[in-house]
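Text of final.tsv (TSV, C-alpha atoms) as supplied:
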```tsv
chain	number	residue	atom	x	y	z
A	1	MET	CA	0.00	0.00	0.00
A	2	PRO	CA	1.49	3.39	-0.91
A	3	LYS	CA	2.17	5.71	2.02
A	4	LEU	CA	1.29	9.38	2.28
A	5	GLY	CA	4.09	11.90	2.40
A	6	ALA	CA	4.39	14.61	5.04
A	7	ARG	CA	2.08	17.02	3.22
A	8	GLY	CA	-0.56	14.33	2.66
A	9	GLN	CA	-0.41	13.30	6.32
A	10	LYS	CA	-0.92	16.93	7.39
A	11	ARG	CA	-3.96	17.23	5.14
A	12	LEU	CA	-5.33	13.97	6.49
A	13	LYS	CA	-4.72	15.15	10.05
A	14	GLY	CA	-6.59	18.38	9.30
A	15	LEU	CA	-9.58	16.43	7.97
A	16	HIS	CA	-9.45	14.07	10.94
A	17	LEU	CA	-9.37	16.98	13.41
A	18	CYS	CA	-12.34	18.62	11.67
A	19	ALA	CA	-14.28	15.36	11.96
A	20	VAL	CA	-13.33	15.03	15.65
A	21	ALA	CA	-14.44	18.62	16.28
A	22	CYS	CA	-17.81	17.87	14.67
A	23	TRP	CA	-18.35	14.66	16.61
A	24	VAL	CA	-17.27	15.92	20.03
A	25	GLY	CA	-18.62	19.44	19.54
A	26	GLY	CA	-21.93	18.07	18.32
A	27	GLY	CA	-22.13	15.80	21.37
A	28	VAL	CA	-21.52	18.76	23.66
A	29	ALA	CA	-24.17	20.75	21.75
A	30	LEU	CA	-26.69	17.94	22.29
A	31	ILE	CA	-26.02	18.00	26.02
A	32	LEU	CA	-26.46	21.78	26.11
A	33	LEU	CA	-29.72	21.54	24.14
A	34	TYR	CA	-31.01	19.23	26.88
A	35	PHE	CA	-30.68	22.09	29.36
A	36	LEU	CA	-32.54	24.46	27.05
A	37	LYS	CA	-35.50	22.07	27.07
A	38	LEU	CA	-35.84	22.41	30.85
A	39	GLY	CA	-37.58	25.77	30.50
A	40	ALA	CA	-40.01	24.66	27.80
A	41	THR	CA	-43.62	25.56	28.58
A	42	ASP	CA	-45.06	25.03	25.11
A	43	GLY	CA	-45.45	21.74	23.26
A	44	GLY	CA	-44.33	23.25	19.98
A	45	VAL	CA	-41.14	24.52	21.59
A	46	LEU	CA	-40.43	21.12	23.17
A	47	TYR	CA	-41.00	19.37	19.87
A	48	GLY	CA	-38.84	21.96	18.09
A	49	MET	CA	-36.00	21.39	20.57
A	50	ASN	CA	-36.23	17.65	20.03
A	51	GLN	CA	-36.21	18.19	16.27
A	52	ALA	CA	-33.13	20.40	16.63
A	53	ILE	CA	-31.43	17.67	18.65
A	54	HIS	CA	-32.35	15.13	15.98
A	55	HIS	CA	-30.96	17.30	13.17
A	56	VAL	CA	-27.74	18.22	15.00
A	57	ASP	CA	-27.20	14.55	15.70
A	58	GLY	CA	-28.24	12.80	12.56
A	59	LEU	CA	-28.04	15.15	9.68
A	60	VAL	CA	-25.62	17.95	10.32
A	61	VAL	CA	-22.86	17.38	12.85
A	62	VAL	CA	-22.55	14.26	15.02
A	63	ILE	CA	-23.06	11.38	12.59
A	64	PRO	CA	-21.12	13.02	9.76
A	65	GLY	CA	-18.32	13.72	12.26
A	66	ALA	CA	-18.33	10.14	13.52
A	67	PHE	CA	-18.13	8.71	10.02
A	68	GLY	CA	-15.52	11.32	9.11
A	69	CYS	CA	-13.42	10.02	12.02
A	70	LEU	CA	-13.99	6.46	10.87
A	71	LEU	CA	-12.97	7.17	7.27
A	72	THR	CA	-9.96	9.36	8.09
A	73	GLY	CA	-8.89	6.80	10.70
A	74	LEU	CA	-9.10	4.14	8.02
A	75	ALA	CA	-6.95	6.29	5.74
A	76	TYR	CA	-4.44	6.80	8.57
A	77	SER	CA	-4.21	3.06	9.15
A	78	LEU	CA	-3.86	2.22	5.47
A	79	PHE	CA	-1.68	5.03	4.15
A	80	THR	CA	0.66	5.89	7.05
A	81	GLY	CA	2.97	3.92	9.30
A	82	PHE	CA	0.41	3.77	12.12
A	83	GLY	CA	-1.30	0.63	10.81
A	84	PHE	CA	-4.24	-1.05	12.53
A	85	ILE	CA	-2.56	-3.05	15.30
A	86	ARG	CA	0.99	-1.77	15.48
A	87	HIS	CA	0.23	0.68	18.32
A	88	GLY	CA	-1.93	0.05	21.38
A	89	TRP	CA	-3.36	3.57	21.27
A	90	VAL	CA	-4.53	3.03	17.68
A	91	ILE	CA	-6.23	-0.23	18.69
A	92	LEU	CA	-7.98	1.64	21.50
A	93	LYS	CA	-9.10	4.39	19.12
A	94	TRP	CA	-10.53	1.81	16.72
A	95	ALA	CA	-12.37	0.09	19.56
A	96	VAL	CA	-13.79	3.36	20.86
A	97	THR	CA	-14.76	4.64	17.42
A	98	LEU	CA	-16.55	1.48	16.37
A	99	SER	CA	-18.19	1.00	19.77
A	100	ALA	CA	-19.36	4.61	19.91
A	101	ILE	CA	-20.84	4.44	16.42
A	102	VAL	CA	-22.65	1.17	17.21
A	103	PHE	CA	-23.88	2.46	20.59
A	104	GLY	CA	-25.05	5.71	19.04
A	105	THR	CA	-26.88	3.84	16.31
A	106	LEU	CA	-28.52	1.23	18.53
A	107	CYS	CA	-29.19	3.26	21.69
A	108	LEU	CA	-28.67	7.02	21.58
A	109	GLY	CA	-30.34	7.51	18.20
A	110	PRO	CA	-33.50	5.50	19.01
A	111	TRP	CA	-33.89	7.24	22.39
A	112	GLU	CA	-33.57	10.60	20.68
A	113	ARG	CA	-36.00	9.64	17.93
A	114	ALA	CA	-38.53	8.41	20.52
A	115	MET	CA	-38.32	11.73	22.38
A	116	MET	CA	-39.00	13.60	19.16
A	117	ASP	CA	-41.92	11.34	18.23
A	118	ILE	CA	-43.52	11.46	21.69
A	119	SER	CA	-43.18	15.23	22.00
A	120	GLY	CA	-44.64	15.59	18.51
A	121	GLN	CA	-47.68	13.55	19.55
A	122	LEU	CA	-48.18	14.75	23.13
A	123	GLY	CA	-46.74	18.25	23.04
A	124	ILE	CA	-45.89	19.62	26.48
A	125	ASP	CA	-47.61	16.61	28.11
A	126	ALA	CA	-44.58	14.58	26.98
A	127	LEU	CA	-42.82	15.97	30.06
A	128	HIS	CA	-45.16	13.79	32.16
A	129	ASP	CA	-44.93	10.71	29.95
A	130	THR	CA	-42.86	7.90	31.47
A	131	ALA	CA	-41.53	6.71	28.11
A	132	TYR	CA	-40.42	10.22	27.15
A	133	LEU	CA	-38.78	10.81	30.53
A	134	HIS	CA	-37.00	7.44	30.37
A	135	ASN	CA	-35.66	8.11	26.87
A	136	GLU	CA	-34.58	11.61	27.86
A	137	ARG	CA	-32.76	10.39	30.97
A	138	MET	CA	-31.03	7.55	29.12
A	139	ASN	CA	-30.03	9.83	26.26
A	140	PHE	CA	-28.65	12.47	28.63
A	141	VAL	CA	-26.71	10.14	30.92
A	142	TRP	CA	-25.27	7.91	28.21
A	143	GLY	CA	-24.69	10.88	25.92
A	144	LEU	CA	-22.54	12.41	28.70
A	145	VAL	CA	-20.65	9.13	29.03
A	146	GLN	CA	-20.10	8.94	25.29
A	147	VAL	CA	-18.80	12.52	25.10
A	148	ALA	CA	-16.48	11.88	28.07
A	149	VAL	CA	-15.09	8.75	26.38
A	150	LEU	CA	-14.58	10.66	23.12
A	151	VAL	CA	-12.75	13.48	24.93
A	152	ALA	CA	-10.55	10.90	26.69
A	153	THR	CA	-9.82	9.39	23.27
A	154	VAL	CA	-8.64	12.79	22.04
A	155	PHE	CA	-6.08	12.77	24.86
A	156	VAL	CA	-5.04	9.23	23.94
A	157	SER	CA	-4.31	10.60	20.46
A	158	VAL	CA	-2.22	13.40	21.91
A	159	PHE	CA	-0.17	11.35	24.41
A	160	LYS	CA	-0.05	8.09	22.39
A	161	PRO	CA	0.43	5.61	25.24
A	162	TRP	CA	1.38	2.01	24.43
A	163	LYS	CA	3.54	3.15	21.50
A	164	ASN	CA	4.84	0.39	19.27
A	165	LEU	CA	3.57	-3.07	20.25
A	166	ARG	CA	5.81	-4.86	17.71
A	167	LYS	CA	9.01	-3.52	19.30
A	168	LYS	CA	7.89	-4.69	22.75
A	169	SER	CA	7.20	-8.24	21.54
A	170	GLU	CA	10.54	-8.59	19.71
```
Please lay out the structure from this file as structure tokens.
Amino acid sequence: MPKLGARGQKRLKGLHLCAVACWVGGGVALILLYFLKLGATDGGVLYGMNQAIHHVDGLVVVIPGAFGCLLTGLAYSLFTGFGFIRHGWVILKWAVTLSAIVFGTLCLGPWERAMMDISGQLGIDALHDTAYLHNERMNFVWGLVQVAVLVATVFVSVFKPWKNLRKKSE
């Protein structure tokens, strides 16, 4: 496989950092939007906030950022010396990225979608609906956990612990 030169690696790093900023920044935005919903007194406003959360997550920032990280990470592994399993920190980043995308798809996304659907049907009464409240709580708590894990992964990228696993085994 051909390897990228220094200029190509810098461009790839720039794209990767933009994707990370979208994913992590979007996650933080979703958490902040949760707090804006606390003052909602109108069903249309509540539904609008849930729609905004849905669009920030699925269409505009978070999911594109996550897949941007996945694709640029793939390019890093294929076209640079980092590889897929040469460094422990790269293995960890792959595990976190894939796990976070799967968890977001199977859990966070459906909880968010349910909140939007319920608030669209019930309006402000959604705030008294047990299913809505459960989905909101799960989305908030596990969304915080996911953002914290992603931020920790950024620091793994910076400090690169468990450098070269091949050299240790030789």
Here atom CA of A:Leu33 and atom CA of A:Ala100 stand apart by 20.3 Å
If you count all atoms listed in the file, the residue of A:Leu98, A:Val147, A:Met116, A:Val158 closest to A:Val62 turns out to be A:Val147
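Put simply, atom CA of A:Val151 is 22.1 Å away from atom CA of A:Glu136.
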Around (-13.1, 13.3, 9.4) in the file's frame, which residues reach within 7 Å when counting all atoms listed in the file? Return as an mmCIF file with C-alpha atoms, keeping the file's coordinate frame?
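Resulting contents of part_37.cif:
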```
data_model
loop_
_atom_site.group_PDB
_atom_site.id
_atom_site.type_symbol
_atom_site.label_atom_id
_atom_site.label_comp_id
_atom_site.auth_asym_id
_atom_site.auth_seq_id
_atom_site.Cartn_x
_atom_site.Cartn_y
_atom_site.Cartn_z
ATOM 1 C CA LEU A 15 -9.580 16.430 7.970
ATOM 2 C CA HIS A 16 -9.450 14.070 10.940
ATOM 3 C CA LEU A 17 -9.370 16.980 13.410
ATOM 4 C CA CYS A 18 -12.340 18.620 11.670
ATOM 5 C CA ALA A 19 -14.280 15.360 11.960
ATOM 6 C CA VAL A 20 -13.330 15.030 15.650
ATOM 7 C CA GLY A 65 -18.320 13.720 12.260
ATOM 8 C CA PHE A 67 -18.130 8.710 10.020
ATOM 9 C CA GLY A 68 -15.520 11.320 9.110
ATOM 10 C CA CYS A 69 -13.420 10.020 12.020
ATOM 11 C CA LEU A 71 -12.970 7.170 7.270
ATOM 12 C CA THR A 72 -9.960 9.360 8.090
#
```
Just want the 10 Å neighbourhood of A:Leu78, counted on only C-alpha atoms, with same-chain residues fewer than 5 positions away dropped. Output as a PDB file with C-alpha atoms, in the coordinates of the input.
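The result, stored in result.pdb:
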```pdb
ATOM      1  CA  MET A   1       0.000   0.000   0.000  1.00  0.00           C
ATOM      2  CA  PRO A   2       1.490   3.390  -0.910  1.00  0.00           C
ATOM      3  CA  LYS A   3       2.170   5.710   2.020  1.00  0.00           C
ATOM      4  CA  LEU A   4       1.290   9.380   2.280  1.00  0.00           C
ATOM      5  CA  THR A  72      -9.960   9.360   8.090  1.00  0.00           C
ATOM      6  CA  GLY A  73      -8.890   6.800  10.700  1.00  0.00           C
ATOM      7  CA  GLY A  83      -1.300   0.630  10.810  1.00  0.00           C
ATOM      8  CA  PHE A  84      -4.240  -1.050  12.530  1.00  0.00           C
TER       9      PHE A  84
END
```
Work out how far atom CA of A:Leu108 is from atom CA of A:His87, in Å to one decimal.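 Interatomic distance, atom CA of A:His87 to atom CA of A:Leu108: 29.8 Å.
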- Item | For A:Phe140, the nearest of the candidates A:Ile31, A:Ala40, A:Leu59, A:Leu127, counting all atoms listed in the file |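 Checking each of A:Ile31, A:Ala40, A:Leu59, A:Leu127 against A:Phe140, counting all atoms listed in the file, the winner is A:Ile31.
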From the list A:Asp117, A:Phe79, A:Val61, A:Val102, the nearest residue to A:Met49 using all atoms listed in the file is A:Asp117
Restricting to all atoms listed in the file, whichever of A:Gln9, A:Trp111, A:Ala131, A:Leu74 is closest to A:Gly143 is A:Trp111
**Q.** Spatial neighbours of A:Lys93, max dist 10 Å, only C-alpha atoms, sep filter under 3 positions, as a PyMOL selection string
**A.** chain A and resi 70+73+84+88-90+96-99+150+153-154+156-157
Report task. Just give me the residues with any atom within 12 Å of (-30.4, 13.2, 12.3), file coordinates, counting only C-alpha atoms, written as a PyMOL selection string. Result -> chain A and resi 26+30+50-64+104-105+108-110+112-113+116
Restricting to only C-alpha atoms, whichever of A:Leu92, A:Ala66, A:Cys107, A:Leu46 is closest to A:Gln121 is A:Leu46
Judged by only C-alpha atoms, the minimum distance to A:Leu144 among A:Tyr47, A:Phe82, A:Tyr34, A:Trp162 is found for A:Tyr34
So which residues touch A:Thr41 within 10 Å, counting only C-alpha atoms, skipping near sequence neighbours fewer than 3 positions away, as a CSV table (one decimal) with C-alpha atoms, keeping the file's coordinate frame?
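Saved file out.csv follows:
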```csv
chain,number,residue,atom,x,y,z
A,37,LYS,CA,-35.5,22.1,27.1
A,38,LEU,CA,-35.8,22.4,30.8
A,44,GLY,CA,-44.3,23.2,20.0
A,45,VAL,CA,-41.1,24.5,21.6
A,46,LEU,CA,-40.4,21.1,23.2
A,123,GLY,CA,-46.7,18.2,23.0
A,124,ILE,CA,-45.9,19.6,26.5
A,125,ASP,CA,-47.6,16.6,28.1
A,127,LEU,CA,-42.8,16.0,30.1
```
Stretch 47-53 of chain A: axis-aligned bounding box, 5 Å on each side, centre and edge lengths in Å, one decimal, as AutoDock Vina command-line options:
```
--center_x -36.2 --center_y 19.8 --center_z 18.4 --size_x 19.6 --size_y 14.3 --size_z 14.3
```
If I only have part of stretch 66-77 of chain A, can you fill in all heavy atoms and write it as an mmCIF file, in the frame of the given file?
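The file below, part-v2.cif, is the result:
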```cif
data_model
loop_
_atom_site.group_PDB
_atom_site.id
_atom_site.type_symbol
_atom_site.label_atom_id
_atom_site.label_comp_id
_atom_site.auth_asym_id
_atom_site.auth_seq_id
_atom_site.Cartn_x
_atom_site.Cartn_y
_atom_site.Cartn_z
ATOM 1 N N ALA A 66 -18.719 11.503 13.130
ATOM 2 C CA ALA A 66 -18.330 10.140 13.520
ATOM 3 C C ALA A 66 -17.831 9.353 12.306
ATOM 4 O O ALA A 66 -16.780 8.698 12.364
ATOM 5 C CB ALA A 66 -19.513 9.419 14.168
ATOM 6 N N PHE A 67 -18.561 9.446 11.209
ATOM 7 C CA PHE A 67 -18.130 8.710 10.020
ATOM 8 C C PHE A 67 -16.906 9.356 9.379
ATOM 9 O O PHE A 67 -16.088 8.669 8.772
ATOM 10 C CB PHE A 67 -19.292 8.523 9.038
ATOM 11 C CG PHE A 67 -20.179 7.399 9.467
ATOM 12 C CD1 PHE A 67 -21.321 7.651 10.201
ATOM 13 C CD2 PHE A 67 -19.829 6.090 9.193
ATOM 14 C CE1 PHE A 67 -22.124 6.608 10.640
ATOM 15 C CE2 PHE A 67 -20.623 5.040 9.617
ATOM 16 C CZ PHE A 67 -21.781 5.299 10.349
ATOM 17 N N GLY A 68 -16.757 10.659 9.548
ATOM 18 C CA GLY A 68 -15.520 11.320 9.110
ATOM 19 C C GLY A 68 -14.322 10.788 9.885
ATOM 20 O O GLY A 68 -13.260 10.522 9.316
ATOM 21 N N CYS A 69 -14.494 10.603 11.195
ATOM 22 C CA CYS A 69 -13.420 10.020 12.020
ATOM 23 C C CYS A 69 -13.123 8.589 11.576
ATOM 24 O O CYS A 69 -11.955 8.189 11.484
ATOM 25 C CB CYS A 69 -13.817 10.030 13.493
ATOM 26 S SG CYS A 69 -13.745 11.644 14.266
ATOM 27 N N LEU A 70 -14.169 7.837 11.316
ATOM 28 C CA LEU A 70 -13.990 6.460 10.870
ATOM 29 C C LEU A 70 -13.219 6.391 9.557
ATOM 30 O O LEU A 70 -12.239 5.637 9.429
ATOM 31 C CB LEU A 70 -15.357 5.783 10.714
ATOM 32 C CG LEU A 70 -15.344 4.322 10.294
ATOM 33 C CD1 LEU A 70 -14.821 3.446 11.418
ATOM 34 C CD2 LEU A 70 -16.755 3.891 9.903
ATOM 35 N N LEU A 71 -13.617 7.212 8.594
ATOM 36 C CA LEU A 71 -12.970 7.170 7.270
ATOM 37 C C LEU A 71 -11.547 7.720 7.302
ATOM 38 O O LEU A 71 -10.651 7.148 6.672
ATOM 39 C CB LEU A 71 -13.821 7.925 6.257
ATOM 40 C CG LEU A 71 -15.178 7.280 5.946
ATOM 41 C CD1 LEU A 71 -15.995 8.176 5.021
ATOM 42 C CD2 LEU A 71 -15.009 5.893 5.364
ATOM 43 N N THR A 72 -11.333 8.827 8.015
ATOM 44 C CA THR A 72 -9.960 9.360 8.090
ATOM 45 C C THR A 72 -9.077 8.444 8.920
ATOM 46 O O THR A 72 -7.887 8.303 8.630
ATOM 47 C CB THR A 72 -9.936 10.801 8.629
ATOM 48 O OG1 THR A 72 -10.585 10.852 9.905
ATOM 49 C CG2 THR A 72 -10.592 11.774 7.662
ATOM 50 N N GLY A 73 -9.651 7.791 9.934
ATOM 51 C CA GLY A 73 -8.890 6.800 10.700
ATOM 52 C C GLY A 73 -8.490 5.620 9.833
ATOM 53 O O GLY A 73 -7.374 5.103 9.926
ATOM 54 N N LEU A 74 -9.401 5.215 8.968
ATOM 55 C CA LEU A 74 -9.100 4.140 8.020
ATOM 56 C C LEU A 74 -7.956 4.557 7.098
ATOM 57 O O LEU A 74 -7.015 3.785 6.863
ATOM 58 C CB LEU A 74 -10.351 3.787 7.222
ATOM 59 C CG LEU A 74 -10.223 2.673 6.205
ATOM 60 C CD1 LEU A 74 -9.914 1.351 6.888
ATOM 61 C CD2 LEU A 74 -11.518 2.552 5.394
ATOM 62 N N ALA A 75 -8.025 5.786 6.604
ATOM 63 C CA ALA A 75 -6.950 6.290 5.740
ATOM 64 C C ALA A 75 -5.626 6.342 6.494
ATOM 65 O O ALA A 75 -4.580 5.981 5.949
ATOM 66 C CB ALA A 75 -7.312 7.666 5.189
ATOM 67 N N TYR A 76 -5.656 6.790 7.751
ATOM 68 C CA TYR A 76 -4.440 6.800 8.570
ATOM 69 C C TYR A 76 -3.856 5.400 8.676
ATOM 70 O O TYR A 76 -2.644 5.200 8.524
ATOM 71 C CB TYR A 76 -4.745 7.301 9.991
ATOM 72 C CG TYR A 76 -4.365 8.730 10.250
ATOM 73 C CD1 TYR A 76 -5.336 9.689 10.484
ATOM 74 C CD2 TYR A 76 -3.032 9.128 10.294
ATOM 75 C CE1 TYR A 76 -5.004 10.999 10.741
ATOM 76 C CE2 TYR A 76 -2.683 10.435 10.552
ATOM 77 C CZ TYR A 76 -3.668 11.371 10.776
ATOM 78 O OH TYR A 76 -3.332 12.661 11.033
ATOM 79 N N SER A 77 -4.701 4.427 8.969
ATOM 80 C CA SER A 77 -4.210 3.060 9.150
ATOM 81 C C SER A 77 -3.668 2.456 7.869
ATOM 82 O O SER A 77 -2.699 1.702 7.898
ATOM 83 C CB SER A 77 -5.328 2.181 9.722
ATOM 84 O OG SER A 77 -5.626 2.566 11.042
#
```
